[in-house]
Structure formats: C-alpha cells, structure tokens
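Source file: run-v9.cif (mmCIF, C-alpha atoms, pLDDT in the B column; chains and numbers go by the auth columns)
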data_run
loop_
_atom_site.group_PDB
_atom_site.id
_atom_site.type_symbol
_atom_site.label_atom_id
_atom_site.label_comp_id
_atom_site.label_asym_id
_atom_site.label_seq_id
_atom_site.Cartn_x
_atom_site.Cartn_y
_atom_site.Cartn_z
_atom_site.B_iso_or_equiv
_atom_site.auth_seq_id
_atom_site.auth_asym_id
ATOM 1 C CA MET A 1 213.884 280.153 220.368 38.00 119 A
ATOM 2 C CA PHE A 2 216.627 279.554 222.935 37.00 120 A
ATOM 3 C CA PHE A 3 214.165 280.016 225.821 36.00 121 A
ATOM 4 C CA ARG A 4 212.002 277.163 224.535 37.00 122 A
ATOM 5 C CA HIS A 5 214.986 274.780 224.488 39.00 123 A
ATOM 6 C CA ALA A 6 215.941 275.725 228.045 38.00 124 A
ATOM 7 C CA VAL A 7 212.414 275.101 229.348 36.00 125 A
ATOM 8 C CA LEU A 8 212.272 271.702 227.646 37.00 126 A
ATOM 9 C CA ILE A 9 215.553 270.671 229.254 36.00 127 A
ATOM 10 C CA VAL A 10 214.374 271.624 232.752 35.00 128 A
ATOM 11 C CA THR A 11 210.996 269.911 232.250 35.00 129 A
ATOM 12 C CA ALA A 12 212.535 266.687 230.938 38.00 130 A
ATOM 13 C CA THR A 13 215.010 266.577 233.806 38.00 131 A
ATOM 14 C CA GLY A 14 212.267 267.100 236.385 38.00 132 A
ATOM 15 C CA LEU A 15 210.118 264.305 234.973 39.00 133 A
ATOM 16 C CA ALA A 16 212.982 261.850 234.854 39.00 134 A
ATOM 17 C CA ALA A 17 213.861 262.490 238.485 40.00 135 A
ATOM 18 C CA CYS A 18 210.463 261.482 239.919 46.00 136 A
ATOM 19 C CA GLN A 19 209.928 258.206 238.032 55.00 137 A
ATOM 20 C CA THR A 20 211.029 254.820 239.347 78.00 138 A
ATOM 21 C CA THR A 21 211.956 252.503 236.505 87.00 139 A
ATOM 22 C CA LYS A 22 212.089 248.732 236.179 92.00 140 A
ATOM 23 C CA PRO A 23 215.245 246.999 234.939 93.00 141 A
ATOM 24 C CA ILE A 24 215.497 246.468 231.183 95.00 142 A
ATOM 25 C CA ALA A 25 214.007 243.043 230.400 90.00 143 A
ATOM 26 C CA MET A 26 215.500 242.574 226.957 94.00 144 A
ATOM 27 C CA SER A 27 217.693 244.153 224.318 96.00 145 A
ATOM 28 C CA VAL A 28 216.977 243.566 220.635 97.00 146 A
ATOM 29 C CA SER A 29 218.377 244.750 217.332 96.00 147 A
ATOM 30 C CA TYR A 30 216.422 246.137 214.405 97.00 148 A
ATOM 31 C CA GLN A 31 215.635 244.001 211.365 96.00 149 A
ATOM 32 C CA PRO A 32 215.804 245.625 207.897 96.00 150 A
ATOM 33 C CA THR A 33 212.528 245.346 205.983 95.00 151 A
ATOM 34 C CA SER A 34 214.269 245.272 202.597 91.00 152 A
ATOM 35 C CA PRO A 35 216.231 242.177 201.568 89.00 153 A
ATOM 36 C CA THR A 36 218.654 244.435 199.652 87.00 154 A
ATOM 37 C CA ALA A 37 219.849 246.310 202.784 89.00 155 A
ATOM 38 C CA THR A 38 223.500 245.428 203.351 89.00 156 A
ATOM 39 C CA HIS A 39 225.457 245.821 206.593 91.00 157 A
ATOM 40 C CA GLY A 40 222.364 247.260 208.294 93.00 158 A
ATOM 41 C CA ASP A 41 222.282 250.340 206.026 96.00 159 A
ATOM 42 C CA VAL A 42 218.491 250.499 205.587 96.00 160 A
ATOM 43 C CA LEU A 43 218.571 253.896 203.836 95.00 161 A
ATOM 44 C CA ALA A 44 221.257 253.067 201.251 94.00 162 A
ATOM 45 C CA GLU A 45 218.681 252.786 198.469 92.00 163 A
ATOM 46 C CA ALA A 46 217.135 256.171 199.323 92.00 164 A
ATOM 47 C CA ARG A 47 220.625 257.738 199.410 92.00 165 A
ATOM 48 C CA ALA A 48 221.458 256.213 196.017 91.00 166 A
ATOM 49 C CA GLY A 49 218.173 257.676 194.720 92.00 167 A
ATOM 50 C CA GLY A 50 219.350 261.203 195.545 92.00 168 A
ATOM 51 C CA GLN A 51 217.997 261.838 199.037 92.00 169 A
ATOM 52 C CA LYS A 52 220.323 263.801 201.343 90.00 170 A
ATOM 53 C CA ILE A 53 221.121 261.033 203.822 92.00 171 A
ATOM 54 C CA PRO A 54 224.555 260.665 205.425 93.00 172 A
ATOM 55 C CA GLN A 55 226.340 257.352 205.641 93.00 173 A
ATOM 56 C CA LEU A 56 225.274 255.006 208.428 95.00 174 A
ATOM 57 C CA ARG A 57 227.106 256.116 211.606 93.00 175 A
ATOM 58 C CA GLY A 58 226.507 252.909 213.525 94.00 176 A
ATOM 59 C CA THR A 59 223.686 252.258 215.946 96.00 177 A
ATOM 60 C CA GLU A 60 221.793 254.017 218.705 94.00 178 A
ATOM 61 C CA PHE A 61 219.550 252.632 221.461 96.00 179 A
ATOM 62 C CA ILE A 62 215.915 253.502 222.037 97.00 180 A
ATOM 63 C CA THR A 63 214.465 252.622 225.444 97.00 181 A
ATOM 64 C CA VAL A 64 210.768 251.684 225.410 98.00 182 A
ATOM 65 C CA ARG A 65 208.672 251.432 228.569 98.00 183 A
ATOM 66 C CA SER A 66 204.961 250.784 229.028 97.00 184 A
ATOM 67 C CA TYR A 67 202.765 252.314 231.734 96.00 185 A
ATOM 68 C CA HIS A 68 199.242 251.907 233.053 94.00 186 A
ATOM 69 C CA TYR A 69 197.166 253.608 235.728 91.00 187 A
ATOM 70 C CA THR A 70 195.888 252.060 238.941 87.00 188 A
ATOM 71 C CA LEU A 71 193.393 253.502 241.379 80.00 189 A
ATOM 72 C CA HIS A 72 194.887 254.808 244.625 74.00 190 A
ATOM 73 C CA LYS A 73 192.672 253.370 247.387 73.00 191 A
ATOM 74 C CA GLU A 74 192.850 256.339 249.757 72.00 192 A
ATOM 75 C CA SER A 75 192.708 259.312 247.384 72.00 193 A
ATOM 76 C CA GLY A 76 190.707 257.699 244.572 69.00 194 A
ATOM 77 C CA THR A 77 193.043 259.186 241.982 76.00 195 A
ATOM 78 C CA GLY A 78 194.915 257.415 239.199 81.00 196 A
ATOM 79 C CA ILE A 79 198.574 256.540 239.794 87.00 197 A
ATOM 80 C CA LYS A 80 200.875 255.960 236.831 90.00 198 A
ATOM 81 C CA GLU A 81 202.854 252.730 237.197 93.00 199 A
ATOM 82 C CA GLU A 82 205.279 250.985 234.899 96.00 200 A
ATOM 83 C CA MET A 83 204.098 247.629 233.627 95.00 201 A
ATOM 84 C CA THR A 84 206.209 244.815 232.242 96.00 202 A
ATOM 85 C CA GLY A 85 205.669 242.265 229.507 96.00 203 A
ATOM 86 C CA ALA A 86 203.714 244.301 226.951 97.00 204 A
ATOM 87 C CA GLU A 87 204.342 242.825 223.480 98.00 205 A
ATOM 88 C CA CYS A 88 205.527 245.624 221.213 98.00 206 A
ATOM 89 C CA THR A 89 206.557 246.329 217.651 98.00 207 A
ATOM 90 C CA LEU A 90 208.734 249.283 216.675 98.00 208 A
ATOM 91 C CA GLU A 91 208.595 250.414 213.037 98.00 209 A
ATOM 92 C CA SER A 92 210.464 253.008 211.047 97.00 210 A
ATOM 93 C CA ASP A 93 211.589 253.745 207.517 95.00 211 A
ATOM 94 C CA GLY A 94 213.402 250.569 206.454 95.00 212 A
ATOM 95 C CA TYR A 95 213.355 248.534 209.666 97.00 213 A
ATOM 96 C CA THR A 96 211.292 246.935 212.407 98.00 214 A
ATOM 97 C CA ALA A 97 211.817 245.242 215.796 98.00 215 A
ATOM 98 C CA SER A 98 209.692 243.152 218.165 98.00 216 A
ATOM 99 C CA PHE A 99 210.161 242.982 221.943 98.00 217 A
ATOM 100 C CA ARG A 100 208.570 242.991 225.413 97.00 218 A
ATOM 101 C CA THR A 101 208.744 246.001 227.701 97.00 219 A
ATOM 102 C CA PRO A 102 210.847 247.366 229.233 97.00 220 A
ATOM 103 C CA ALA A 103 213.365 247.040 226.411 97.00 221 A
ATOM 104 C CA GLN A 104 216.246 248.645 224.608 97.00 222 A
ATOM 105 C CA VAL A 105 216.073 248.547 220.825 98.00 223 A
ATOM 106 C CA LYS A 106 219.219 248.974 218.752 97.00 224 A
ATOM 107 C CA VAL A 107 218.408 251.135 215.697 97.00 225 A
ATOM 108 C CA PRO A 108 220.448 252.613 212.830 97.00 226 A
ATOM 109 C CA ASN A 109 222.055 255.998 213.482 96.00 227 A
ATOM 110 C CA TYR A 110 221.980 258.483 210.594 95.00 228 A
ATOM 111 C CA GLY A 111 222.511 261.620 212.664 93.00 229 A
ATOM 112 C CA TYR A 112 220.124 264.389 211.577 93.00 230 A
ATOM 113 C CA ALA A 113 218.523 261.996 209.050 94.00 231 A
ATOM 114 C CA SER A 114 217.601 259.360 211.669 95.00 232 A
ATOM 115 C CA ARG A 115 214.003 258.460 210.981 96.00 233 A
ATOM 116 C CA PRO A 116 211.042 258.847 213.366 97.00 234 A
ATOM 117 C CA VAL A 117 209.840 255.626 214.979 98.00 235 A
ATOM 118 C CA SER A 118 206.372 254.405 215.937 98.00 236 A
ATOM 119 C CA VAL A 119 205.688 251.827 218.641 98.00 237 A
ATOM 120 C CA ARG A 120 202.560 249.725 219.120 98.00 238 A
ATOM 121 C CA CYS A 121 202.113 247.585 222.257 98.00 239 A
ATOM 122 C CA ASN A 122 199.548 244.972 223.289 98.00 240 A
ATOM 123 C CA ALA A 123 198.858 243.171 226.566 97.00 241 A
ATOM 124 C CA PRO A 124 195.982 240.943 227.741 97.00 242 A
ATOM 125 C CA GLY A 125 193.163 243.025 229.214 95.00 243 A
ATOM 126 C CA TYR A 126 194.435 246.257 227.631 96.00 244 A
ATOM 127 C CA LYS A 127 193.717 248.232 224.476 96.00 245 A
ATOM 128 C CA SER A 128 196.595 248.680 222.035 97.00 246 A
ATOM 129 C CA GLY A 129 198.943 251.458 223.081 97.00 247 A
ATOM 130 C CA PHE A 130 200.819 253.731 220.674 97.00 248 A
ATOM 131 C CA ALA A 131 203.739 256.162 220.857 97.00 249 A
ATOM 132 C CA ASN A 132 205.990 257.995 218.401 97.00 250 A
ATOM 133 C CA ALA A 133 209.455 259.464 218.778 97.00 251 A
ATOM 134 C CA SER A 134 211.988 261.379 216.712 96.00 252 A
ATOM 135 C CA ALA A 135 215.726 261.630 217.217 94.00 253 A
ATOM 136 C CA GLU A 136 216.689 264.811 219.073 91.00 254 A
ATOM 137 C CA ASN A 137 219.806 266.900 218.649 89.00 255 A
ATOM 138 C CA GLU A 138 221.927 265.900 221.658 85.00 256 A
ATOM 139 C CA THR A 139 224.721 268.335 220.744 77.00 257 A
ATOM 140 C CA ARG A 140 222.242 271.239 220.764 67.00 258 A
ATOM 141 C CA ARG A 141 220.761 270.076 224.074 66.00 259 A
ATOM 142 C CA LYS A 142 224.214 270.105 225.680 63.00 260 A
ATOM 143 C CA ILE A 143 224.981 273.577 224.307 60.00 261 A
ATOM 144 C CA TYR A 144 221.798 275.011 225.832 52.00 262 A
ATOM 145 C CA GLN A 145 222.233 273.065 229.057 61.00 263 A
ATOM 146 C CA SER A 146 225.698 274.546 229.532 57.00 264 A
ATOM 147 C CA GLY A 147 224.311 278.063 228.982 51.00 265 A
ATOM 148 C CA ALA A 148 221.243 277.624 231.191 52.00 266 A
ATOM 149 C CA GLY A 149 223.232 278.009 234.418 60.00 267 A
ATOM 150 C CA ALA A 150 224.543 281.429 233.390 53.00 268 A
ATOM 151 C CA GLY A 151 221.161 283.137 233.074 55.00 269 A
ATOM 152 C CA LEU A 152 220.089 285.217 230.093 54.00 270 A
ATOM 153 C CA VAL A 153 223.657 285.928 228.964 49.00 271 A
ATOM 154 C CA GLY A 154 224.454 282.219 229.018 53.00 272 A
ATOM 155 C CA LEU A 155 221.342 281.369 226.996 49.00 273 A
ATOM 156 C CA MET A 156 222.124 284.102 224.465 52.00 274 A
ATOM 157 C CA THR A 157 225.683 282.780 224.131 53.00 275 A
ATOM 158 C CA ALA A 158 224.343 279.254 223.674 49.00 276 A
ATOM 159 C CA ALA A 159 221.949 280.505 220.971 53.00 277 A
ATOM 160 C CA ILE A 160 224.831 282.170 219.094 53.00 278 A
ATOM 161 C CA ILE A 161 226.942 278.989 219.307 52.00 279 A
ATOM 162 C CA ASP A 162 223.991 276.892 218.152 50.00 280 A
ATOM 163 C CA ALA A 163 223.269 279.224 215.202 53.00 281 A
ATOM 164 C CA ALA A 164 226.888 278.905 214.016 51.00 282 A
ATOM 165 C CA ASN A 165 226.841 275.122 214.393 58.00 283 A
ATOM 166 C CA SER A 166 226.016 272.684 211.575 59.00 284 A
ATOM 167 C CA GLU A 167 223.770 269.695 212.260 65.00 285 A
ATOM 168 C CA ASP A 168 225.809 267.543 209.889 71.00 286 A
ATOM 169 C CA ASN A 169 228.203 266.408 212.632 75.00 287 A
ATOM 170 C CA ASP A 170 225.876 266.703 215.630 83.00 288 A
ATOM 171 C CA ASP A 171 224.946 263.706 217.768 88.00 289 A
ATOM 172 C CA PHE A 172 221.282 262.713 217.738 91.00 290 A
ATOM 173 C CA LYS A 173 219.598 260.492 220.310 94.00 291 A
ATOM 174 C CA TYR A 174 216.071 259.187 220.780 96.00 292 A
ATOM 175 C CA PRO A 175 214.190 260.122 223.950 96.00 293 A
ATOM 176 C CA LEU A 176 212.543 257.529 226.161 96.00 294 A
ATOM 177 C CA VAL A 177 209.479 256.101 224.415 97.00 295 A
ATOM 178 C CA SER A 178 206.621 255.794 226.939 96.00 296 A
ATOM 179 C CA VAL A 179 203.568 253.813 225.842 97.00 297 A
ATOM 180 C CA THR A 180 200.374 254.326 227.875 96.00 298 A
ATOM 181 C CA MET A 181 198.255 251.185 228.141 96.00 299 A
ATOM 182 C CA ASN A 182 194.538 251.623 228.883 94.00 300 A
ATOM 183 C CA ARG A 183 192.470 248.781 230.295 92.00 301 A
ATOM 184 C CA GLU A 184 189.806 247.460 227.922 93.00 302 A
ATOM 185 C CA ASP A 185 187.056 248.761 230.228 88.00 303 A
ATOM 186 C CA CYS A 186 188.623 252.198 230.749 85.00 304 A
ATOM 187 C CA ASP A 187 185.637 253.948 229.117 85.00 305 A
ATOM 188 C CA SER A 188 183.374 252.845 231.966 83.00 306 A
ATOM 189 C CA SER A 189 185.869 252.797 234.852 82.00 307 A
ATOM 190 C CA ARG A 190 186.586 255.461 237.502 79.00 308 A
ATOM 191 C CA LEU A 191 190.097 255.826 236.109 79.00 309 A
ATOM 192 C CA GLY A 192 188.901 256.599 232.595 82.00 310 A
ATOM 193 C CA CYS A 193 191.083 256.333 229.482 84.00 311 A
ATOM 194 C CA ARG A 194 194.388 258.181 229.410 86.00 312 A
ATOM 195 C CA ALA A 195 195.815 259.950 226.376 83.00 313 A
ATOM 196 C CA GLN A 196 198.390 258.047 224.383 71.00 314 A
#
Mind turning this structure into structure tokens?
Amino acid sequence: MFFRHAVLIVTATGLAACQTTKPIAMSVSYQPTSPTATHGDVLAEARAGGQKIPQLRGTEFITVRSYHYTLHKESGTGIKEEMTGAECTLESDGYTASFRTPAQVKVPNYGYASRPVSVRCNAPGYKSGFANASAENETRRKIYQSGAGAGLVGLMTAAIIDAANSEDNDDFKYPLVSVTMNREDCDSSRLGCRAQ
C-alpha cells in the first residue's frame, strides 16, 4: 500500500513541473443549495440526521483549469494547451458554484467527510467537458513524502506512522481539477476526441 502512495506523489510532482499555467481569472465562493444552511454549513442537516460528519472546519480552495488540444504544425501531433474563459459549474452535496476558467472556488471543508465535486464546462465551438475530484488526505501525503527520500526503510516507517494515525484530525485538500474540452468536430478531425 505504501508503495502506491509513493508512486502517486512522484507522478503528480512530475506532471505539475512540466505544465505552464495561466493566472487565475476569478475567485468565487460556493452557494448552498438548501435555504436552511446556516453559516455555510451545508451538511448540518445530514449531521443532525445521524451521519458521521464533523463540524465545518472552514473553507478550502479548488483550482479548476480547462484545456484543449491544438495540432502541432511540424510534427502533426496534438499539443495540450490551457484555454481561458470556459463557463463552468461546480456541484457537490449541498452546494454549487459558477465561474470561468481558470478559477479558484472556495468550498466547505469537512476534513475526511469533504464531499466529491463534479465540474461541467462549456465554451463556443466545444463539446461540454466534465471532471470529478475528491478531497485527498494531505497529512498522509506529507507523511509518505517525508519517507520517500529514505528508501524502503523510510517508506516502511511512513506506513507505520500512517497506520497509527487517525483521519479525524488530518488535513484534506482537493487536487487540481483539469477539464478537457473537445472541439465539436473532434470526431472527424486529425486530433480526434480526447478522454475527459
């Protein structure tokens, strides 16, 4: 199990290093979908109904970026490029938000009980793009990252520390949400349609 976490950390770091990003165009806050939600606590009703949900810890940011592919003139291959201005909606259990990419969306933070989010984006000349994301255990990631530099012994130590740790107090963060936008004619183009 601890090997899988270490590989994911290295892979995520490598991908982040080779991408050039555009500046954030806007920052928005979530809107509760229930009129009874008070102080932004969108899961209060579920907690009162008996679900194991901790108290609202505050807020967390989700960064959403949209990408499309263009044809490289010399090689004839598709090049992934960030696009701006896609109109998007983020939805989750108890809240929603609307924005244009690239954006940061402020969402409720419930630690391990933070809900998955789904994002749908639209832009003229493109099919709708979709992406999903779940909050990831940032405390666990840091434990394994600190052990990764010490080889197998370090990873085994990290696994022991992680096994003794409780998720109740861990920090959870959402990864970057990347939405792939395919041109409306992608089915018949040289680039083809890319997976969401």
Proximity to Lys198 of chain A - best of A:Arg238, A:Lys170, A:Ser210, A:Ser184, all atoms listed in the file: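 Answer, going by the shortest atom-to-atom distance: A:Ser184.
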Of the listed residues A:Ser236, A:Ser307, A:Thr181, A:Gln173, that which approaches Thr214 of chain A most closely, counting all atoms listed in the file: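 Distance minimum relative to Thr214 of chain A lands on A:Ser236.
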Wanna dump the segment 204-237 of chain A-segment 135-153 of chain A contacts at 7 Å for me, each residue with its shortest atom pair and the distance in Å to one decimal, counting only C-alpha atoms, ordered by chain and number, as CSV?
residue,atom,partner,partner_atom,distance
A:Gly212,CA,A:Thr151,CA,5.3
A:Tyr213,CA,A:Pro150,CA,4.2
A:Thr214,CA,A:Gln149,CA,5.3
A:Ala215,CA,A:Tyr148,CA,4.9
A:Phe217,CA,A:Val146,CA,7.0
A:Thr219,CA,A:Ala143,CA,6.6
A:Pro220,CA,A:Ile142,CA,5.1
A:Ala221,CA,A:Met144,CA,5.0
A:Gln222,CA,A:Ser145,CA,4.7
A:Val223,CA,A:Val146,CA,5.1
A:Lys224,CA,A:Ser147,CA,4.5
A:Val225,CA,A:Tyr148,CA,5.5
Selected residue, from A:Cys311, A:Met201, A:Met299, A:Ala253, that lies nearest to Ala231 of chain A when counting only C-alpha atoms: A:Ala253
Interatomic distance (Å, one decimal) between atom CA of Leu294 of chain A and atom CA of Tyr187 of chain A: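 Between these atoms lies a distance of 18.5 Å.
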Distance in Å - atom CA of Pro234 of chain A versus atom CA of Glu178 of chain A: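 Separation between atom CA of Pro234 of chain A and atom CA of Glu178 of chain A: 12.9 Å.
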Interatomic distance (Å, one decimal) between atom CA of Gly229 of chain A and atom CA of Glu209 of chain A: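 Atom CA of Gly229 of chain A sits 17.9 Å away from atom CA of Glu209 of chain A.
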Shell around Asp159 of chain A at 10 Å using only C-alpha atoms, local window under 2 positions removed, as a list in words: Pro150, Thr154, Ala155, Thr156, His157, Leu161, Ala162, Glu163, Gln173, Leu174, Arg175, Gly176, Gly212, Tyr213, Pro226, Asn227 and Tyr228 of chain A
Selection: 10 Å around segment 239-248 of chain A, only C-alpha atoms, excl. self and same-chain fewer than 2 positions, as number ranges by chain: A: 183-186, 201-208, 216-219, 236-237, 250, 295-304, 311, 313-314
